[in-house]
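Colleague: If it helps, the file is called entry.cif and holds mmCIF, C-alpha atoms:
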```cif
data_input
#
loop_
_atom_site.label_atom_id
_atom_site.label_comp_id
_atom_site.auth_asym_id
_atom_site.auth_seq_id
_atom_site.Cartn_x
_atom_site.Cartn_y
_atom_site.Cartn_z
CA MET A 1423 -42.60 185.13 47.69
CA SER A 1424 -45.63 187.40 47.49
CA TYR A 1425 -48.83 186.39 45.69
CA THR A 1426 -47.89 188.93 42.99
CA GLU A 1427 -44.53 187.26 42.34
CA LEU A 1428 -46.01 183.76 42.42
CA ALA A 1429 -48.78 184.80 40.01
CA LEU A 1430 -46.24 186.14 37.50
CA LEU A 1431 -44.20 182.96 37.93
CA GLY A 1432 -47.37 180.91 37.36
CA VAL A 1433 -48.18 182.65 34.07
CA THR A 1434 -44.58 182.27 32.89
CA GLY A 1435 -44.57 178.59 33.86
CA ALA A 1436 -47.85 177.89 32.07
CA VAL A 1437 -46.65 179.59 28.86
CA VAL A 1438 -43.36 177.63 29.05
CA VAL A 1439 -45.36 174.39 29.37
CA ASP A 1440 -47.48 175.37 26.36
CA THR A 1441 -44.61 176.45 24.10
CA VAL A 1442 -41.44 174.64 25.20
CA LEU A 1443 -42.40 171.60 27.27
CA LEU A 1444 -45.51 170.23 25.51
CA ARG A 1445 -45.19 172.38 22.35
CA THR A 1446 -48.95 172.70 21.99
CA TRP A 1447 -48.57 176.42 21.17
CA LEU A 1448 -52.13 177.19 22.18
CA ILE A 1449 -51.14 180.83 22.60
CA ARG A 1450 -51.16 181.00 18.79
CA ARG A 1451 -54.66 179.48 18.47
CA ARG A 1452 -57.82 181.58 18.21
CA THR A 1453 -59.89 178.76 19.76
CA TYR A 1454 -57.79 179.04 22.93
CA TRP A 1455 -58.13 182.82 23.21
CA ILE A 1456 -61.89 182.79 22.66
CA ALA A 1457 -62.25 180.00 25.24
CA TYR A 1458 -60.07 181.99 27.65
CA GLY A 1459 -62.25 185.06 27.11
CA ILE A 1460 -65.35 183.06 28.01
CA VAL A 1461 -63.68 181.61 31.11
CA LEU A 1462 -62.44 185.09 32.10
CA PHE A 1463 -65.96 186.49 31.97
CA PHE A 1464 -67.27 183.78 34.27
CA GLN A 1465 -64.21 184.05 36.50
CA LEU A 1466 -64.96 187.75 37.07
CA LEU A 1467 -68.50 186.75 38.01
CA THR A 1468 -67.78 183.78 40.31
CA ASN A 1469 -64.56 185.16 41.78
CA GLY A 1470 -66.42 188.41 42.37
CA ILE A 1471 -68.92 186.50 44.50
CA LEU A 1472 -66.20 184.68 46.47
CA THR A 1473 -64.17 187.83 47.14
CA GLY A 1474 -67.04 190.34 47.27
CA PHE A 1475 -68.71 188.37 50.07
CA ASP A 1476 -65.34 187.93 51.80
CA ILE A 1477 -65.40 184.15 51.52
CA VAL A 1478 -61.76 184.49 50.50
CA ARG A 1479 -59.68 187.33 51.97
CA TYR A 1480 -56.19 188.43 51.00
CA ASP A 1481 -53.24 189.71 53.00
CA PRO A 1482 -52.75 193.30 51.76
CA ALA A 1483 -48.98 192.79 52.07
CA ALA A 1484 -49.03 189.89 49.59
CA ILE A 1485 -50.85 191.71 46.76
CA LEU A 1486 -50.54 194.95 44.78
CA GLY A 1487 -54.00 196.06 45.88
CA TRP A 1488 -55.37 196.60 42.35
CA ARG A 1489 -58.81 195.03 42.26
CA ILE A 1490 -61.12 194.05 39.40
CA ALA A 1491 -64.69 193.05 40.36
CA PHE A 1492 -63.60 192.81 44.04
CA ALA A 1493 -60.82 190.33 43.28
CA PRO A 1494 -57.12 191.18 43.35
CA VAL A 1495 -55.60 191.46 39.87
CA GLU A 1496 -53.31 188.56 40.84
CA ASP A 1497 -56.34 186.24 40.68
CA LEU A 1498 -56.56 186.89 36.93
CA LEU A 1499 -52.99 185.70 36.50
CA PHE A 1500 -53.69 182.70 38.74
CA GLY A 1501 -56.72 181.80 36.61
CA TYR A 1502 -54.85 182.31 33.34
CA ALA A 1503 -52.08 179.96 34.51
CA MET A 1504 -54.63 177.33 35.57
CA VAL A 1505 -56.59 177.47 32.30
CA THR A 1506 -53.45 177.43 30.14
CA LEU A 1507 -51.82 174.49 31.95
CA THR A 1508 -55.06 172.49 31.75
CA LEU A 1509 -55.81 173.17 28.07
CA SER A 1510 -52.23 172.57 27.02
CA THR A 1511 -52.29 169.19 28.80
CA TRP A 1512 -55.69 168.37 27.24
CA VAL A 1513 -54.48 169.08 23.69
CA TRP A 1514 -51.14 167.33 24.29
CA LEU A 1515 -52.95 164.18 25.46
CA GLY A 1516 -55.15 164.28 22.37
CA ARG A 1517 -52.07 164.58 20.20
CA LYS A 1518 -50.55 161.59 22.01
CA GLY A 1519 -53.59 159.53 21.09
CA VAL A 1520 -55.54 159.62 24.37
CA ARG A 1521 -58.95 159.85 22.77
CA THR A 1522 -61.26 158.29 25.30
CA MET B 1246 -77.11 176.72 54.24
CA SER B 1247 -74.45 179.44 54.23
CA HIS B 1248 -71.72 176.81 54.56
CA LEU B 1249 -72.62 175.75 51.02
CA ALA B 1250 -71.88 179.19 49.51
CA TYR B 1251 -68.51 178.22 48.03
CA VAL B 1252 -69.53 174.78 46.72
CA GLY B 1253 -72.76 176.35 45.50
CA VAL B 1254 -70.77 178.60 43.16
CA LEU B 1255 -68.87 175.54 41.92
CA ALA B 1256 -72.11 173.60 41.40
CA ALA B 1257 -73.49 176.51 39.38
CA CYS B 1258 -70.42 176.33 37.12
CA LEU B 1259 -70.97 172.61 36.52
CA VAL B 1260 -74.70 173.00 35.92
CA GLY B 1261 -74.16 175.99 33.63
CA THR B 1262 -71.63 174.22 31.42
CA ALA B 1263 -73.28 170.77 31.39
CA PRO B 1264 -75.61 171.58 28.44
CA LEU B 1265 -72.53 172.10 26.24
CA GLU B 1266 -71.82 168.39 26.47
CA ILE B 1267 -75.23 167.62 24.96
CA LEU B 1268 -76.05 170.63 22.75
CA LEU B 1269 -72.61 171.07 21.20
CA ARG B 1270 -71.42 167.48 21.67
CA THR B 1271 -68.20 168.64 23.36
CA ARG B 1272 -67.56 165.04 24.52
CA VAL B 1273 -65.46 166.16 27.47
CA TYR B 1274 -67.10 163.94 30.10
CA ALA B 1275 -67.43 161.21 27.47
CA ARG B 1276 -63.63 161.23 27.16
CA TRP B 1277 -63.17 160.88 30.89
CA HIS B 1278 -59.73 159.23 30.74
CA ARG B 1279 -58.39 162.24 28.89
CA LEU B 1280 -60.27 164.60 31.22
CA LEU B 1281 -58.89 163.03 34.41
CA LEU B 1282 -55.34 162.95 33.01
CA SER B 1283 -55.68 166.63 32.03
CA LEU B 1284 -56.84 167.59 35.52
CA ALA B 1285 -53.98 165.78 37.30
CA PRO B 1286 -51.05 168.18 36.70
CA THR B 1287 -53.27 171.21 37.39
CA LEU B 1288 -54.49 169.66 40.63
CA VAL B 1289 -50.95 168.91 41.82
CA VAL B 1290 -49.52 172.33 40.92
CA PHE B 1291 -52.41 174.39 42.27
CA VAL B 1292 -52.91 172.40 45.47
CA ALA B 1293 -49.19 172.96 46.14
CA TRP B 1294 -49.63 176.68 45.42
CA ASP B 1295 -52.67 176.83 47.70
CA LEU B 1296 -50.86 175.04 50.54
CA TYR B 1297 -47.96 177.49 50.25
CA ALA B 1298 -50.30 180.50 50.14
CA ILE B 1299 -52.24 179.28 53.18
CA HIS B 1300 -48.98 178.67 55.04
CA ALA B 1301 -47.60 182.10 54.04
CA GLY B 1302 -50.90 183.80 54.88
CA HIS B 1303 -51.48 185.16 51.36
CA TRP B 1304 -55.17 184.35 51.73
CA THR B 1305 -57.58 183.11 54.36
CA TYR B 1306 -61.01 181.53 54.11
CA ASP B 1307 -64.29 182.16 55.88
CA LEU B 1308 -64.93 178.56 56.89
CA HIS B 1309 -68.49 179.42 57.89
CA ARG B 1310 -69.33 179.73 54.23
CA MET B 1311 -67.43 176.65 53.17
CA THR B 1312 -68.06 172.97 53.90
CA GLY B 1313 -65.69 173.27 56.86
CA VAL B 1314 -63.91 170.07 55.86
CA LEU B 1315 -60.17 170.67 56.15
CA LEU B 1316 -57.62 168.39 54.53
CA PRO B 1317 -53.99 168.10 55.71
CA GLY B 1318 -52.21 171.47 55.56
CA ARG B 1319 -55.46 173.25 56.49
CA LEU B 1320 -56.54 172.96 52.84
CA PRO B 1321 -60.33 173.32 52.56
CA LEU B 1322 -62.08 170.54 50.63
CA ASP B 1323 -63.88 173.30 48.70
CA GLU B 1324 -60.55 174.41 47.24
CA VAL B 1325 -59.73 170.93 45.95
CA LEU B 1326 -63.14 170.85 44.28
CA PHE B 1327 -62.39 174.28 42.80
CA PHE B 1328 -59.21 172.89 41.20
CA LEU B 1329 -61.27 170.12 39.59
CA VAL B 1330 -64.35 172.11 38.55
CA THR B 1331 -62.68 175.20 37.04
CA PRO B 1332 -60.33 173.28 34.71
CA THR B 1333 -63.22 171.03 33.65
CA CYS B 1334 -65.28 174.10 32.74
CA ALA B 1335 -62.30 175.54 30.85
CA ILE B 1336 -62.01 172.37 28.76
CA LEU B 1337 -65.77 172.45 28.12
CA ALA B 1338 -65.48 176.07 26.95
CA PHE B 1339 -62.52 175.17 24.73
CA GLU B 1340 -64.34 172.22 23.14
CA ALA B 1341 -67.48 174.32 22.74
CA VAL B 1342 -65.54 176.96 20.80
CA ARG B 1343 -63.98 174.20 18.70
CA ALA B 1344 -67.40 172.69 18.00
CA VAL B 1345 -68.69 176.03 16.72
CA LYS B 1346 -65.63 177.42 14.93
CA ARG B 1347 -63.99 174.17 13.77
CA TRP B 1348 -60.53 175.76 13.65
CA PRO B 1349 -57.69 173.26 14.17
CA VAL B 1350 -56.08 173.30 17.60
CA GLY B 1351 -53.26 170.87 17.00
CA ASP B 1352 -54.59 167.53 18.25
CA GLU B 1353 -56.48 166.47 15.13
CA PRO B 1354 -55.83 162.93 13.88
CA ARG B 1355 -53.42 162.94 10.95
CA GLU B 1356 -54.82 162.33 7.50
CA PRO B 1357 -54.07 158.81 6.25
CA ALA B 1358 -50.91 158.82 4.13
CA GLY B 1359 -51.30 158.95 0.33
CA ARG B 1360 -54.75 160.50 0.08
#
```
Represent the structure contained in this file as structure tokens.
Modeller:
Amino acid sequence: MSYTELALLGVTGAVVVDTVLLRTWLIRRRTYWIAYGIVLFFQLLTNGILTGFDIVRYDPAAILGWRIAFAPVEDLLFGYAMVTLTLSTWVWLGRKGVRT
Amino acid sequence: MSHLAYVGVLAACLVGTAPLEILLRTRVYARWHRLLLSLAPTLVVFVAWDLYAIHAGHWTYDLHRMTGVLLPGRLPLDEVLFFLVTPTCAILAFEAVRAVKRWPVGDEPREPAGR
């Protein structure tokens, strides 16, 4: 699978975890979207450094080639999947009574 | 010093978000059991993704600007740290927004029954 396909699969998987598996439904919460917006801003900054200085390089055959702040657009999907899986797990654990 | 470029970016993320724990009382590090448990699935899934991508050649690293420590599967140590730092910062951002806005997110303790 290409990075593009995996990135789309990652986003789908994370949303399925949030809505079906853990039923945290963060995608309906404003707190989640504002937090994601903040993370996205800093992702563009830090990922821009890592890709702009060629610390990470991508196989042109594995990506679409659309870039935002030096980084392939797939990285945004990758980051969204990572943030969503993490926050959904965090809220689910809180709901389950893990409070320390 | 250039081999610290990648971990330097990660350190900046940790330093930049650390004040939230004190100023907004996010209590993310204070709830470290919950934090570590939240990081676990993300770490497993994204390390697996990274190993696949490295194997398939989706991306390559400039090891001169990373610690140079490679784990099994040619996985750079810096990447593992990335999968711990970024989710931690995301949780800090989430708790910071909650601290300011106070909207429910679905994990609030239930009100005691009958008042």
Colleague: Taking only C-alpha atoms into account and nothing else, which residues of chain B lie no more than 6 Å away from chain A? Please answer as a list in words.
Modeller: Arg1276, His1278, Arg1279, Ser1283, His1303, Trp1304, Thr1305, Tyr1306, Asp1307, Ala1338, Phe1339 and Asp1352 of chain B
Colleague: Have a look at CA of Tyr1297 in chain B and CA of Leu1320 in chain B and let me know their distance in Å, one decimal.
Modeller: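 So the answer is 10.0 Å.
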Colleague: Looking at A:Ala1493, A:Trp1488, A:Gly1474, A:Ile1449, which one is nearest to Val1433 in chain A, with distances taken over all atoms listed in the file?
Modeller: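 The closest residue to Val1433 in chain A is A:Ile1449.
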Colleague: State, in Å with one decimal place, the distance from CA of Thr1331 in chain B to CA of Val1290 in chain B.
Modeller: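 Those two atoms sit 14.0 Å apart.
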Colleague: What gap, in Å, lies between CA of Arg1310 in chain B and CA of Leu1249 in chain B?
Modeller: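 Interatomic distance, CA of Arg1310 in chain B to CA of Leu1249 in chain B: 6.1 Å.
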Colleague: Given all atoms listed in the file as the basis, pick out the residue of B:Arg1355, B:His1248, B:Arg1272, B:Arg1343 nearest to Met1311 in chain B.
Modeller: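 Result for the nearest residue to Met1311 in chain B: B:His1248.
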Colleague: What would the selection look like, as a list in words, if the PyMOL selection byres ((chain B and resi 1341) around 10) were run on the coordinates I just shared?
Modeller: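 This file gives the following for the PyMOL selection byres ((chain B and resi 1341) around 10): Thr1453 and Ala1457 of chain A; Thr1262, Leu1265, Glu1266, Leu1268, Leu1269, Arg1270, Thr1271, Arg1272, Val1273, Ala1335, Ile1336, Leu1337, Ala1338, Phe1339, Glu1340, Val1342, Arg1343, Ala1344, Val1345, Lys1346 and Arg1347 of chain B.
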Colleague: Taking into account all atoms listed in the file, which residue in the set B:Leu1316, B:Leu1282, B:Leu1308, B:Ala1301 is nearest to Ser1247 in chain B?
Modeller: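 Of B:Leu1316, B:Leu1282, B:Leu1308, B:Ala1301, the one nearest Ser1247 in chain B, counting all atoms listed in the file, is B:Leu1308.
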Colleague: With N, CA and C atoms as the target, complete range 1424-1440 of chain A and hand it back as a JSON list (two decimals), in the frame of the given file.
Modeller:
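What follows is the written file selection_5.json:
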```json
[["chain", "number", "residue", "atom", "x", "y", "z"],
["A", 1424, "SER", "N", -44.29, 186.83, 47.38],
["A", 1424, "SER", "CA", -45.63, 187.40, 47.49],
["A", 1424, "SER", "C", -46.56, 186.71, 46.48],
["A", 1425, "TYR", "N", -47.87, 186.94, 46.66],
["A", 1425, "TYR", "CA", -48.83, 186.39, 45.69],
["A", 1425, "TYR", "C", -48.55, 186.98, 44.31],
["A", 1426, "THR", "N", -48.19, 188.27, 44.26],
["A", 1426, "THR", "CA", -47.89, 188.93, 42.99],
["A", 1426, "THR", "C", -46.76, 188.21, 42.25],
["A", 1427, "GLU", "N", -45.67, 187.94, 42.97],
["A", 1427, "GLU", "CA", -44.53, 187.26, 42.34],
["A", 1427, "GLU", "C", -44.89, 185.85, 41.90],
["A", 1428, "LEU", "N", -45.61, 185.13, 42.76],
["A", 1428, "LEU", "CA", -46.01, 183.76, 42.42],
["A", 1428, "LEU", "C", -46.94, 183.75, 41.21],
["A", 1429, "ALA", "N", -47.83, 184.74, 41.13],
["A", 1429, "ALA", "CA", -48.78, 184.80, 40.01],
["A", 1429, "ALA", "C", -48.05, 185.03, 38.69],
["A", 1430, "LEU", "N", -47.03, 185.90, 38.71],
["A", 1430, "LEU", "CA", -46.24, 186.14, 37.50],
["A", 1430, "LEU", "C", -45.45, 184.88, 37.13],
["A", 1431, "LEU", "N", -44.92, 184.21, 38.15],
["A", 1431, "LEU", "CA", -44.20, 182.96, 37.93],
["A", 1431, "LEU", "C", -45.15, 181.90, 37.34],
["A", 1432, "GLY", "N", -46.38, 181.87, 37.83],
["A", 1432, "GLY", "CA", -47.37, 180.91, 37.36],
["A", 1432, "GLY", "C", -47.69, 181.11, 35.89],
["A", 1433, "VAL", "N", -47.89, 182.36, 35.48],
["A", 1433, "VAL", "CA", -48.18, 182.65, 34.07],
["A", 1433, "VAL", "C", -46.99, 182.26, 33.20],
["A", 1434, "THR", "N", -45.79, 182.62, 33.65],
["A", 1434, "THR", "CA", -44.58, 182.27, 32.89],
["A", 1434, "THR", "C", -44.46, 180.75, 32.75],
["A", 1435, "GLY", "N", -44.67, 180.05, 33.86],
["A", 1435, "GLY", "CA", -44.57, 178.59, 33.86],
["A", 1435, "GLY", "C", -45.57, 177.96, 32.91],
["A", 1436, "ALA", "N", -46.81, 178.46, 32.93],
["A", 1436, "ALA", "CA", -47.85, 177.89, 32.07],
["A", 1436, "ALA", "C", -47.52, 178.12, 30.60],
["A", 1437, "VAL", "N", -47.00, 179.30, 30.26],
["A", 1437, "VAL", "CA", -46.65, 179.59, 28.86],
["A", 1437, "VAL", "C", -45.45, 178.74, 28.43],
["A", 1438, "VAL", "N", -44.51, 178.50, 29.36],
["A", 1438, "VAL", "CA", -43.36, 177.63, 29.05],
["A", 1438, "VAL", "C", -43.84, 176.20, 28.79],
["A", 1439, "VAL", "N", -44.80, 175.73, 29.59],
["A", 1439, "VAL", "CA", -45.36, 174.39, 29.37],
["A", 1439, "VAL", "C", -45.99, 174.33, 27.98],
["A", 1440, "ASP", "N", -46.76, 175.36, 27.63],
["A", 1440, "ASP", "CA", -47.48, 175.37, 26.36],
["A", 1440, "ASP", "C", -46.54, 175.45, 25.15]]
```
